[in-house]
file run-v4.pdb (PDB, C-alpha atoms)
ATOM      1  CA  MET G   2       0.636  19.140 -22.632  1.00  0.00           C
ATOM      2  CA  SER G   3       1.883  17.590 -19.399  1.00  0.00           C
ATOM      3  CA  ARG G   4       2.311  13.858 -18.929  1.00  0.00           C
ATOM      4  CA  LEU G   5      -0.206  11.874 -16.970  1.00  0.00           C
ATOM      5  CA  PRO G   6       0.940  10.762 -13.529  1.00  0.00           C
ATOM      6  CA  HIS G   7       1.954   7.078 -13.578  1.00  0.00           C
ATOM      7  CA  ILE G   8       1.034   4.936 -10.567  1.00  0.00           C
ATOM      8  CA  LEU G   9       2.712   1.530 -10.294  1.00  0.00           C
ATOM      9  CA  ILE G  10       1.260  -1.150  -8.004  1.00  0.00           C
ATOM     10  CA  LEU G  11       3.586  -3.970  -6.955  1.00  0.00           C
ATOM     11  CA  CYS G  12       3.139  -7.381  -5.356  1.00  0.00           C
ATOM     12  CA  THR G  13       5.100 -10.604  -5.528  1.00  0.00           C
ATOM     13  CA  GLY G  14       3.304 -12.699  -8.163  1.00  0.00           C
ATOM     14  CA  ASN G  15       1.367  -9.991 -10.018  1.00  0.00           C
ATOM     15  CA  SER G  16      -1.548 -12.414 -10.366  1.00  0.00           C
ATOM     16  CA  CYS G  17      -4.243 -11.199  -7.930  1.00  0.00           C
ATOM     17  CA  ARG G  18      -3.867  -8.277  -5.516  1.00  0.00           C
ATOM     18  CA  SER G  19      -1.949  -5.897  -7.735  1.00  0.00           C
ATOM     19  CA  HIS G  20      -4.264  -6.531 -10.698  1.00  0.00           C
ATOM     20  CA  MET G  21      -7.369  -5.979  -8.593  1.00  0.00           C
ATOM     21  CA  ALA G  22      -5.825  -2.772  -7.223  1.00  0.00           C
ATOM     22  CA  GLU G  23      -4.816  -1.641 -10.715  1.00  0.00           C
ATOM     23  CA  GLY G  24      -8.329  -2.171 -12.062  1.00  0.00           C
ATOM     24  CA  ILE G  25     -10.005  -0.464  -9.115  1.00  0.00           C
ATOM     25  CA  LEU G  26      -7.638   2.509  -9.094  1.00  0.00           C
ATOM     26  CA  GLN G  27      -7.759   3.016 -12.868  1.00  0.00           C
ATOM     27  CA  ASN G  28     -11.554   2.904 -12.631  1.00  0.00           C
ATOM     28  CA  ALA G  29     -11.492   5.509  -9.826  1.00  0.00           C
ATOM     29  CA  LEU G  30      -9.019   7.795 -11.610  1.00  0.00           C
ATOM     30  CA  GLY G  31     -10.368   7.496 -15.136  1.00  0.00           C
ATOM     31  CA  ALA G  32      -8.196   9.398 -17.593  1.00  0.00           C
ATOM     32  CA  SER G  33      -6.439  11.499 -14.930  1.00  0.00           C
ATOM     33  CA  ALA G  34      -3.578   8.988 -14.447  1.00  0.00           C
ATOM     34  CA  ARG G  35      -1.998   5.854 -15.880  1.00  0.00           C
ATOM     35  CA  VAL G  36      -2.059   2.838 -13.553  1.00  0.00           C
ATOM     36  CA  SER G  37       0.099  -0.280 -14.040  1.00  0.00           C
ATOM     37  CA  SER G  38       0.964  -3.318 -11.949  1.00  0.00           C
ATOM     38  CA  ALA G  39       3.935  -5.654 -11.790  1.00  0.00           C
ATOM     39  CA  GLY G  40       5.566  -8.257  -9.557  1.00  0.00           C
ATOM     40  CA  SER G  41       8.934  -9.064  -8.040  1.00  0.00           C
ATOM     41  CA  ASP G  42       8.444 -12.710  -9.117  1.00  0.00           C
ATOM     42  CA  PRO G  43       5.570 -12.617 -11.623  1.00  0.00           C
ATOM     43  CA  SER G  44       3.415 -15.703 -12.007  1.00  0.00           C
ATOM     44  CA  GLY G  45       2.933 -15.241 -15.739  1.00  0.00           C
ATOM     45  CA  TYR G  46      -0.867 -15.097 -15.529  1.00  0.00           C
ATOM     46  CA  VAL G  47      -3.762 -13.238 -13.944  1.00  0.00           C
ATOM     47  CA  HIS G  48      -5.702 -15.515 -11.592  1.00  0.00           C
ATOM     48  CA  SER G  49      -9.072 -16.532 -13.062  1.00  0.00           C
ATOM     49  CA  VAL G  50     -10.891 -15.959  -9.761  1.00  0.00           C
ATOM     50  CA  ALA G  51      -9.470 -12.420  -9.552  1.00  0.00           C
ATOM     51  CA  ILE G  52     -10.864 -11.794 -13.038  1.00  0.00           C
ATOM     52  CA  GLU G  53     -14.229 -13.237 -11.959  1.00  0.00           C
ATOM     53  CA  VAL G  54     -14.613 -11.192  -8.749  1.00  0.00           C
ATOM     54  CA  MET G  55     -13.580  -7.995 -10.515  1.00  0.00           C
ATOM     55  CA  ARG G  56     -16.154  -8.651 -13.232  1.00  0.00           C
ATOM     56  CA  GLU G  57     -18.760  -8.835 -10.425  1.00  0.00           C
ATOM     57  CA  ILE G  58     -18.117  -5.139  -9.696  1.00  0.00           C
ATOM     58  CA  GLY G  59     -18.043  -4.138 -13.352  1.00  0.00           C
ATOM     59  CA  ILE G  60     -14.271  -3.972 -13.836  1.00  0.00           C
ATOM     60  CA  ASP G  61     -12.672  -6.106 -16.557  1.00  0.00           C
ATOM     61  CA  ILE G  62      -9.057  -7.135 -15.897  1.00  0.00           C
ATOM     62  CA  SER G  63      -9.089 -10.070 -18.329  1.00  0.00           C
ATOM     63  CA  SER G  64      -6.684  -8.299 -20.700  1.00  0.00           C
ATOM     64  CA  HIS G  65      -4.103  -7.632 -17.965  1.00  0.00           C
ATOM     65  CA  THR G  66      -0.768  -9.449 -18.145  1.00  0.00           C
ATOM     66  CA  SER G  67       1.680 -10.438 -15.419  1.00  0.00           C
ATOM     67  CA  GLU G  68       4.817  -8.296 -15.656  1.00  0.00           C
ATOM     68  CA  TYR G  69       8.186  -8.050 -13.938  1.00  0.00           C
ATOM     69  CA  MET G  70       8.693  -4.855 -11.901  1.00  0.00           C
ATOM     70  CA  ASP G  71      12.055  -4.168 -13.548  1.00  0.00           C
ATOM     71  CA  THR G  72      10.105  -3.429 -16.750  1.00  0.00           C
ATOM     72  CA  TYR G  73       9.291  -0.058 -15.194  1.00  0.00           C
ATOM     73  CA  LEU G  74      12.763   0.914 -13.932  1.00  0.00           C
ATOM     74  CA  ASN G  75      13.441   3.136 -16.941  1.00  0.00           C
ATOM     75  CA  GLN G  76       9.978   4.687 -17.002  1.00  0.00           C
ATOM     76  CA  GLU G  77       8.797   7.793 -15.222  1.00  0.00           C
ATOM     77  CA  VAL G  78       6.749   6.658 -12.226  1.00  0.00           C
ATOM     78  CA  SER G  79       4.997   9.177  -9.960  1.00  0.00           C
ATOM     79  CA  VAL G  80       3.810   6.802  -7.230  1.00  0.00           C
ATOM     80  CA  VAL G  81       4.757   3.238  -6.223  1.00  0.00           C
ATOM     81  CA  ILE G  82       2.290   1.288  -4.081  1.00  0.00           C
ATOM     82  CA  THR G  83       3.187  -2.136  -2.683  1.00  0.00           C
ATOM     83  CA  VAL G  84       0.342  -4.450  -1.680  1.00  0.00           C
ATOM     84  CA  CYS G  85       2.347  -7.213   0.019  1.00  0.00           C
ATOM     85  CA  ASP G  86       5.278  -7.265   2.431  1.00  0.00           C
ATOM     86  CA  HIS G  87       7.629  -9.122   0.078  1.00  0.00           C
ATOM     87  CA  ALA G  88       7.175  -6.554  -2.695  1.00  0.00           C
ATOM     88  CA  ASP G  89       7.738  -3.766  -0.173  1.00  0.00           C
ATOM     89  CA  GLN G  90      11.079  -5.331   0.825  1.00  0.00           C
ATOM     90  CA  ALA G  91      12.067  -6.175  -2.772  1.00  0.00           C
ATOM     91  CA  CYS G  92      10.982  -2.826  -4.211  1.00  0.00           C
ATOM     92  CA  PRO G  93      13.797  -1.335  -6.281  1.00  0.00           C
ATOM     93  CA  THR G  94      14.642   2.344  -6.352  1.00  0.00           C
ATOM     94  CA  PHE G  95      12.826   4.047  -9.174  1.00  0.00           C
ATOM     95  CA  PRO G  96      14.243   7.141 -10.878  1.00  0.00           C
ATOM     96  CA  GLY G  97      12.810  10.482  -9.842  1.00  0.00           C
ATOM     97  CA  ASN G  98      12.139   9.459  -6.239  1.00  0.00           C
ATOM     98  CA  PRO G  99       8.406   8.665  -6.622  1.00  0.00           C
ATOM     99  CA  ALA G 100       6.076   8.763  -3.617  1.00  0.00           C
ATOM    100  CA  ARG G 101       5.855   5.326  -2.023  1.00  0.00           C
ATOM    101  CA  TYR G 102       3.021   3.700  -0.094  1.00  0.00           C
ATOM    102  CA  HIS G 103       2.653   0.242   1.425  1.00  0.00           C
ATOM    103  CA  TRP G 104      -0.794  -1.254   1.951  1.00  0.00           C
ATOM    104  CA  PRO G 105      -0.470  -5.020   2.543  1.00  0.00           C
ATOM    105  CA  PHE G 106      -3.371  -7.357   1.785  1.00  0.00           C
ATOM    106  CA  GLN G 107      -3.828 -11.102   2.301  1.00  0.00           C
ATOM    107  CA  ASP G 108      -2.852 -13.168  -0.750  1.00  0.00           C
ATOM    108  CA  PRO G 109      -6.118 -14.691  -2.013  1.00  0.00           C
ATOM    109  CA  ALA G 110      -4.172 -17.052  -4.293  1.00  0.00           C
ATOM    110  CA  LYS G 111      -3.180 -18.947  -1.140  1.00  0.00           C
ATOM    111  CA  ALA G 112      -6.812 -19.483  -0.076  1.00  0.00           C
ATOM    112  CA  GLU G 113      -7.769 -23.088   0.566  1.00  0.00           C
ATOM    113  CA  GLY G 114     -11.066 -24.926   0.755  1.00  0.00           C
ATOM    114  CA  SER G 115     -14.031 -25.381  -1.530  1.00  0.00           C
ATOM    115  CA  ASP G 116     -14.520 -23.221  -4.611  1.00  0.00           C
ATOM    116  CA  GLU G 117     -17.081 -21.171  -2.659  1.00  0.00           C
ATOM    117  CA  GLU G 118     -14.695 -20.690   0.298  1.00  0.00           C
ATOM    118  CA  ILE G 119     -11.947 -19.557  -2.073  1.00  0.00           C
ATOM    119  CA  ILE G 120     -14.163 -17.065  -3.890  1.00  0.00           C
ATOM    120  CA  VAL G 121     -15.267 -15.643  -0.519  1.00  0.00           C
ATOM    121  CA  VAL G 122     -11.600 -14.900   0.267  1.00  0.00           C
ATOM    122  CA  PHE G 123     -11.094 -13.261  -3.143  1.00  0.00           C
ATOM    123  CA  ARG G 124     -14.205 -11.120  -2.626  1.00  0.00           C
ATOM    124  CA  ARG G 125     -13.092 -10.066   0.848  1.00  0.00           C
ATOM    125  CA  VAL G 126      -9.627  -9.054  -0.387  1.00  0.00           C
ATOM    126  CA  ARG G 127     -11.164  -7.289  -3.409  1.00  0.00           C
ATOM    127  CA  ASP G 128     -13.487  -5.326  -1.112  1.00  0.00           C
ATOM    128  CA  GLN G 129     -10.593  -4.351   1.190  1.00  0.00           C
ATOM    129  CA  ILE G 130      -8.549  -3.211  -1.811  1.00  0.00           C
ATOM    130  CA  ARG G 131     -11.548  -1.337  -3.199  1.00  0.00           C
ATOM    131  CA  LEU G 132     -12.101   0.552   0.060  1.00  0.00           C
ATOM    132  CA  ILE G 133      -8.478   1.745   0.241  1.00  0.00           C
ATOM    133  CA  PHE G 134      -7.910   2.425  -3.462  1.00  0.00           C
ATOM    134  CA  ASP G 135     -11.239   4.194  -4.036  1.00  0.00           C
ATOM    135  CA  MET G 136     -10.375   6.567  -1.171  1.00  0.00           C
ATOM    136  CA  TYR G 137      -6.816   7.033  -2.462  1.00  0.00           C
ATOM    137  CA  GLY G 138      -8.137   7.662  -5.970  1.00  0.00           C
ATOM    138  CA  ALA G 139     -10.594  10.297  -4.746  1.00  0.00           C
ATOM    139  CA  GLY G 140      -7.816  12.091  -2.853  1.00  0.00           C
ATOM    140  CA  PHE G 141      -5.466  11.844  -5.824  1.00  0.00           C
ATOM    141  CA  VAL G 142      -8.012  13.438  -8.160  1.00  0.00           C
ATOM    142  CA  ASP G 143      -8.752  16.153  -5.565  1.00  0.00           C
ATOM    143  CA  GLY G 144      -5.011  16.865  -5.387  1.00  0.00           C
ATOM    144  CA  LEU G 145      -4.731  17.119  -9.170  1.00  0.00           C
ATOM    145  CA  THR G 146      -7.754  19.441  -9.273  1.00  0.00           C
ATOM    146  CA  SER G 147      -6.243  21.655  -6.556  1.00  0.00           C
ATOM    147  CA  GLN G 148      -2.909  21.794  -8.406  1.00  0.00           C
ATOM    148  CA  ALA G 149      -4.636  22.749 -11.659  1.00  0.00           C
ATOM    149  CA  ALA G 150      -6.718  25.445  -9.938  1.00  0.00           C
ATOM    150  CA  SER G 151      -3.630  26.832  -8.218  1.00  0.00           C
ATOM    151  CA  ALA G 152      -1.685  26.893 -11.482  1.00  0.00           C
ATOM    152  CA  ALA G 153      -4.579  28.615 -13.278  1.00  0.00           C
ATOM    153  CA  SER G 154      -4.922  31.316 -10.623  1.00  0.00           C
ATOM    154  CA  SER G 155      -1.192  32.048 -10.547  1.00  0.00           C
ATOM    155  CA  GLY G 156      -0.779  31.998 -14.333  1.00  0.00           C
TER     156      GLY G 156
END
call {"tool": "encode", "arguments": {"input": "run-v4.pdb", "output": "structure tokens"}}
result
Amino acid sequence: MSRLPHILILCTGNSCRSHMAEGILQNALGASARVSSAGSDPSGYVHSVAIEVMREIGIDISSHTSEYMDTYLNQEVSVVITVCDHADQACPTFPGNPARYHWPFQDPAKAEGSDEEIIVVFRRVRDQIRLIFDMYGAGFVDGLTSQAASAASSG
């Protein structure tokens, strides 16, 4: 049995964007891949508003933990996706030369204003992440299906 592809999503604090992306992408991919997230300078927690806005779309990230990206340096990673410029610049070299993508999003943890204004920012960033990662997930699954069909027809 072959190993599942492992997709690692990186940002600086690993408290908002990368966790929202991890939850959305894992939801889109189901059991076809393993999705993780980490940070270059992890905050040590997942932001409560990120948990709340993800719950609004039926995705529970409350059990996620904030991890340091170096945790994954000795693991097989198929794809690395950075969701902020700092993580893109600080991204280490992972073994096996995984595919790398950079899709930067505003940091909702830096939102200011009333509670309602802050949650609006979190929702906007969540929806932007969802648009990109749902499309990526659909293409990823299509690619896996094509590879499996090709392998079956040649075997």
call {"tool": "closest_residue", "arguments": {"input": "run-v4.pdb", "among": "G:Ala39, G:Ala110, G:Ile8, G:Ile60", "to": "Val126 in chain G", "atoms": "all atoms listed in the file"}}
result
G:Ala110
call {"tool": "closest_residue", "arguments": {"input": "run-v4.pdb", "among": "G:Lys111, G:His20, G:Arg35, G:Arg127", "to": "Thr83 in chain G", "atoms": "all atoms listed in the file"}}
result
G:His20
call {"tool": "closest_atom_pairs", "arguments": {"input": "run-v4.pdb", "of": "range 2-63 of chain G", "to": "range 91-101 of chain G", "cutoff": "12 Å", "atoms": "only C-alpha atoms", "output": "JSON lines"}}
result
{"residue": "G:Pro6", "atom": "CA", "partner": "G:Pro99", "partner_atom": "CA", "distance": 10.4}
{"residue": "G:His7", "atom": "CA", "partner": "G:Pro99", "partner_atom": "CA", "distance": 9.6}
{"residue": "G:Ile8", "atom": "CA", "partner": "G:Pro99", "partner_atom": "CA", "distance": 9.2}
{"residue": "G:Leu9", "atom": "CA", "partner": "G:Arg101", "partner_atom": "CA", "distance": 9.6}
{"residue": "G:Ile10", "atom": "CA", "partner": "G:Arg101", "partner_atom": "CA", "distance": 9.9}
{"residue": "G:Leu11", "atom": "CA", "partner": "G:Cys92", "partner_atom": "CA", "distance": 8.0}
{"residue": "G:Cys12", "atom": "CA", "partner": "G:Cys92", "partner_atom": "CA", "distance": 9.1}
{"residue": "G:Thr13", "atom": "CA", "partner": "G:Ala91", "partner_atom": "CA", "distance": 8.7}
{"residue": "G:Ala39", "atom": "CA", "partner": "G:Cys92", "partner_atom": "CA", "distance": 10.7}
{"residue": "G:Gly40", "atom": "CA", "partner": "G:Cys92", "partner_atom": "CA", "distance": 9.3}
{"residue": "G:Ser41", "atom": "CA", "partner": "G:Ala91", "partner_atom": "CA", "distance": 6.8}
{"residue": "G:Asp42", "atom": "CA", "partner": "G:Ala91", "partner_atom": "CA", "distance": 9.8}
call {"tool": "residues_around", "arguments": {"input": "run-v4.pdb", "residues": "Arg125 in chain G", "least_positions_apart": "3", "cutoff": "12 Å", "atoms": "only C-alpha atoms", "output": "list in words"}}
result
Arg18, Met21, Ala51, Val54, Met55, Phe106, Gln107, Asp108, Pro109, Ala112, Glu118, Ile119, Ile120, Val121, Val122, Asp128, Gln129, Ile130, Arg131 and Leu132 of chain G
call {"tool": "atom_distance", "arguments": {"input": "run-v4.pdb", "atom1": "CA of Asp71 in chain G", "atom2": "CA of His103 in chain G"}}
result
18.2 Å
call {"tool": "residues_near_point", "arguments": {"input": "run-v4.pdb", "point": "(-13.9, 7.0, -6.5)", "cutoff": "10 Å", "atoms": "all atoms listed in the file", "output": "list in words"}}
result
Ile25, Leu26, Gln27, Asn28, Ala29, Leu30, Gly31, Arg131, Leu132, Phe134, Asp135, Met136, Tyr137, Gly138, Ala139, Gly140, Phe141 and Val142 of chain G
call {"tool": "closest_residue", "arguments": {"input": "run-v4.pdb", "among": "G:Val36, G:Tyr69, G:Val78, G:Ser19", "to": "Ile52 in chain G", "atoms": "all atoms listed in the file"}}
result
G:Ser19
call {"tool": "build_atoms", "arguments": {"input": "run-v4.pdb", "residues": "range 92-119 of chain G", "atoms": "N, CA and C atoms", "output": "PDB file, in the frame of the given file"}}
result
ATOM      1  N   CYS G  92      11.238  -3.959  -3.322  1.00  0.00           N
ATOM      2  CA  CYS G  92      10.982  -2.826  -4.211  1.00  0.00           C
ATOM      3  C   CYS G  92      12.279  -2.118  -4.578  1.00  0.00           C
ATOM      4  N   PRO G  93      12.576  -2.032  -5.865  1.00  0.00           N
ATOM      5  CA  PRO G  93      13.797  -1.335  -6.281  1.00  0.00           C
ATOM      6  C   PRO G  93      13.621   0.178  -6.156  1.00  0.00           C
ATOM      7  N   THR G  94      14.695   0.889  -6.344  1.00  0.00           N
ATOM      8  CA  THR G  94      14.642   2.344  -6.352  1.00  0.00           C
ATOM      9  C   THR G  94      14.306   2.791  -7.763  1.00  0.00           C
ATOM     10  N   PHE G  95      13.251   3.543  -7.873  1.00  0.00           N
ATOM     11  CA  PHE G  95      12.826   4.047  -9.174  1.00  0.00           C
ATOM     12  C   PHE G  95      13.367   5.453  -9.373  1.00  0.00           C
ATOM     13  N   PRO G  96      13.723   5.800 -10.609  1.00  0.00           N
ATOM     14  CA  PRO G  96      14.243   7.141 -10.878  1.00  0.00           C
ATOM     15  C   PRO G  96      13.209   8.212 -10.533  1.00  0.00           C
ATOM     16  N   GLY G  97      13.695   9.362 -10.125  1.00  0.00           N
ATOM     17  CA  GLY G  97      12.810  10.482  -9.842  1.00  0.00           C
ATOM     18  C   GLY G  97      12.222  10.479  -8.448  1.00  0.00           C
ATOM     19  N   ASN G  98      12.600   9.519  -7.622  1.00  0.00           N
ATOM     20  CA  ASN G  98      12.139   9.459  -6.239  1.00  0.00           C
ATOM     21  C   ASN G  98      10.608   9.561  -6.117  1.00  0.00           C
ATOM     22  N   PRO G  99       9.867   8.603  -6.695  1.00  0.00           N
ATOM     23  CA  PRO G  99       8.406   8.665  -6.622  1.00  0.00           C
ATOM     24  C   PRO G  99       7.905   8.489  -5.185  1.00  0.00           C
ATOM     25  N   ALA G 100       6.719   9.005  -4.912  1.00  0.00           N
ATOM     26  CA  ALA G 100       6.076   8.763  -3.617  1.00  0.00           C
ATOM     27  C   ALA G 100       5.868   7.261  -3.479  1.00  0.00           C
ATOM     28  N   ARG G 101       5.981   6.766  -2.236  1.00  0.00           N
ATOM     29  CA  ARG G 101       5.855   5.326  -2.023  1.00  0.00           C
ATOM     30  C   ARG G 101       4.896   5.044  -0.880  1.00  0.00           C
ATOM     31  N   TYR G 102       3.991   4.104  -1.110  1.00  0.00           N
ATOM     32  CA  TYR G 102       3.021   3.700  -0.094  1.00  0.00           C
ATOM     33  C   TYR G 102       3.026   2.182   0.009  1.00  0.00           C
ATOM     34  N   HIS G 103       2.716   1.689   1.208  1.00  0.00           N
ATOM     35  CA  HIS G 103       2.653   0.242   1.425  1.00  0.00           C
ATOM     36  C   HIS G 103       1.339  -0.091   2.120  1.00  0.00           C
ATOM     37  N   TRP G 104       0.473  -0.794   1.404  1.00  0.00           N
ATOM     38  CA  TRP G 104      -0.794  -1.254   1.951  1.00  0.00           C
ATOM     39  C   TRP G 104      -0.880  -2.759   1.729  1.00  0.00           C
ATOM     40  N   PRO G 105      -0.483  -3.563   2.729  1.00  0.00           N
ATOM     41  CA  PRO G 105      -0.470  -5.020   2.543  1.00  0.00           C
ATOM     42  C   PRO G 105      -1.869  -5.639   2.648  1.00  0.00           C
ATOM     43  N   PHE G 106      -2.118  -6.607   1.789  1.00  0.00           N
ATOM     44  CA  PHE G 106      -3.371  -7.357   1.785  1.00  0.00           C
ATOM     45  C   PHE G 106      -3.050  -8.844   1.770  1.00  0.00           C
ATOM     46  N   GLN G 107      -3.953  -9.646   2.333  1.00  0.00           N
ATOM     47  CA  GLN G 107      -3.828 -11.102   2.301  1.00  0.00           C
ATOM     48  C   GLN G 107      -3.743 -11.565   0.850  1.00  0.00           C
ATOM     49  N   ASP G 108      -2.963 -12.615   0.601  1.00  0.00           N
ATOM     50  CA  ASP G 108      -2.852 -13.168  -0.750  1.00  0.00           C
ATOM     51  C   ASP G 108      -3.993 -14.150  -0.991  1.00  0.00           C
ATOM     52  N   PRO G 109      -4.998 -13.777  -1.789  1.00  0.00           N
ATOM     53  CA  PRO G 109      -6.118 -14.691  -2.013  1.00  0.00           C
ATOM     54  C   PRO G 109      -5.727 -15.936  -2.807  1.00  0.00           C
ATOM     55  N   ALA G 110      -4.618 -15.884  -3.531  1.00  0.00           N
ATOM     56  CA  ALA G 110      -4.172 -17.052  -4.293  1.00  0.00           C
ATOM     57  C   ALA G 110      -3.792 -18.206  -3.368  1.00  0.00           C
ATOM     58  N   LYS G 111      -3.539 -17.900  -2.105  1.00  0.00           N
ATOM     59  CA  LYS G 111      -3.180 -18.947  -1.140  1.00  0.00           C
ATOM     60  C   LYS G 111      -4.394 -19.486  -0.389  1.00  0.00           C
ATOM     61  N   ALA G 112      -5.591 -19.018  -0.739  1.00  0.00           N
ATOM     62  CA  ALA G 112      -6.812 -19.483  -0.076  1.00  0.00           C
ATOM     63  C   ALA G 112      -7.014 -20.968  -0.336  1.00  0.00           C
ATOM     64  N   GLU G 113      -7.511 -21.656   0.676  1.00  0.00           N
ATOM     65  CA  GLU G 113      -7.769 -23.088   0.566  1.00  0.00           C
ATOM     66  C   GLU G 113      -9.220 -23.370   0.904  1.00  0.00           C
ATOM     67  N   GLY G 114      -9.701 -24.512   0.457  1.00  0.00           N
ATOM     68  CA  GLY G 114     -11.066 -24.926   0.755  1.00  0.00           C
ATOM     69  C   GLY G 114     -11.837 -25.182  -0.523  1.00  0.00           C
ATOM     70  N   SER G 115     -13.156 -25.158  -0.374  1.00  0.00           N
ATOM     71  CA  SER G 115     -14.031 -25.381  -1.530  1.00  0.00           C
ATOM     72  C   SER G 115     -13.954 -24.175  -2.460  1.00  0.00           C
ATOM     73  N   ASP G 116     -14.488 -24.340  -3.663  1.00  0.00           N
ATOM     74  CA  ASP G 116     -14.520 -23.221  -4.611  1.00  0.00           C
ATOM     75  C   ASP G 116     -15.224 -22.020  -3.998  1.00  0.00           C
ATOM     76  N   GLU G 117     -16.328 -22.268  -3.281  1.00  0.00           N
ATOM     77  CA  GLU G 117     -17.081 -21.171  -2.659  1.00  0.00           C
ATOM     78  C   GLU G 117     -16.253 -20.496  -1.558  1.00  0.00           C
ATOM     79  N   GLU G 118     -15.534 -21.277  -0.759  1.00  0.00           N
ATOM     80  CA  GLU G 118     -14.695 -20.690   0.298  1.00  0.00           C
ATOM     81  C   GLU G 118     -13.576 -19.841  -0.306  1.00  0.00           C
ATOM     82  N   ILE G 119     -13.023 -20.302  -1.405  1.00  0.00           N
ATOM     83  CA  ILE G 119     -11.947 -19.557  -2.073  1.00  0.00           C
ATOM     84  C   ILE G 119     -12.475 -18.253  -2.654  1.00  0.00           C
TER      85      ILE G 119
END
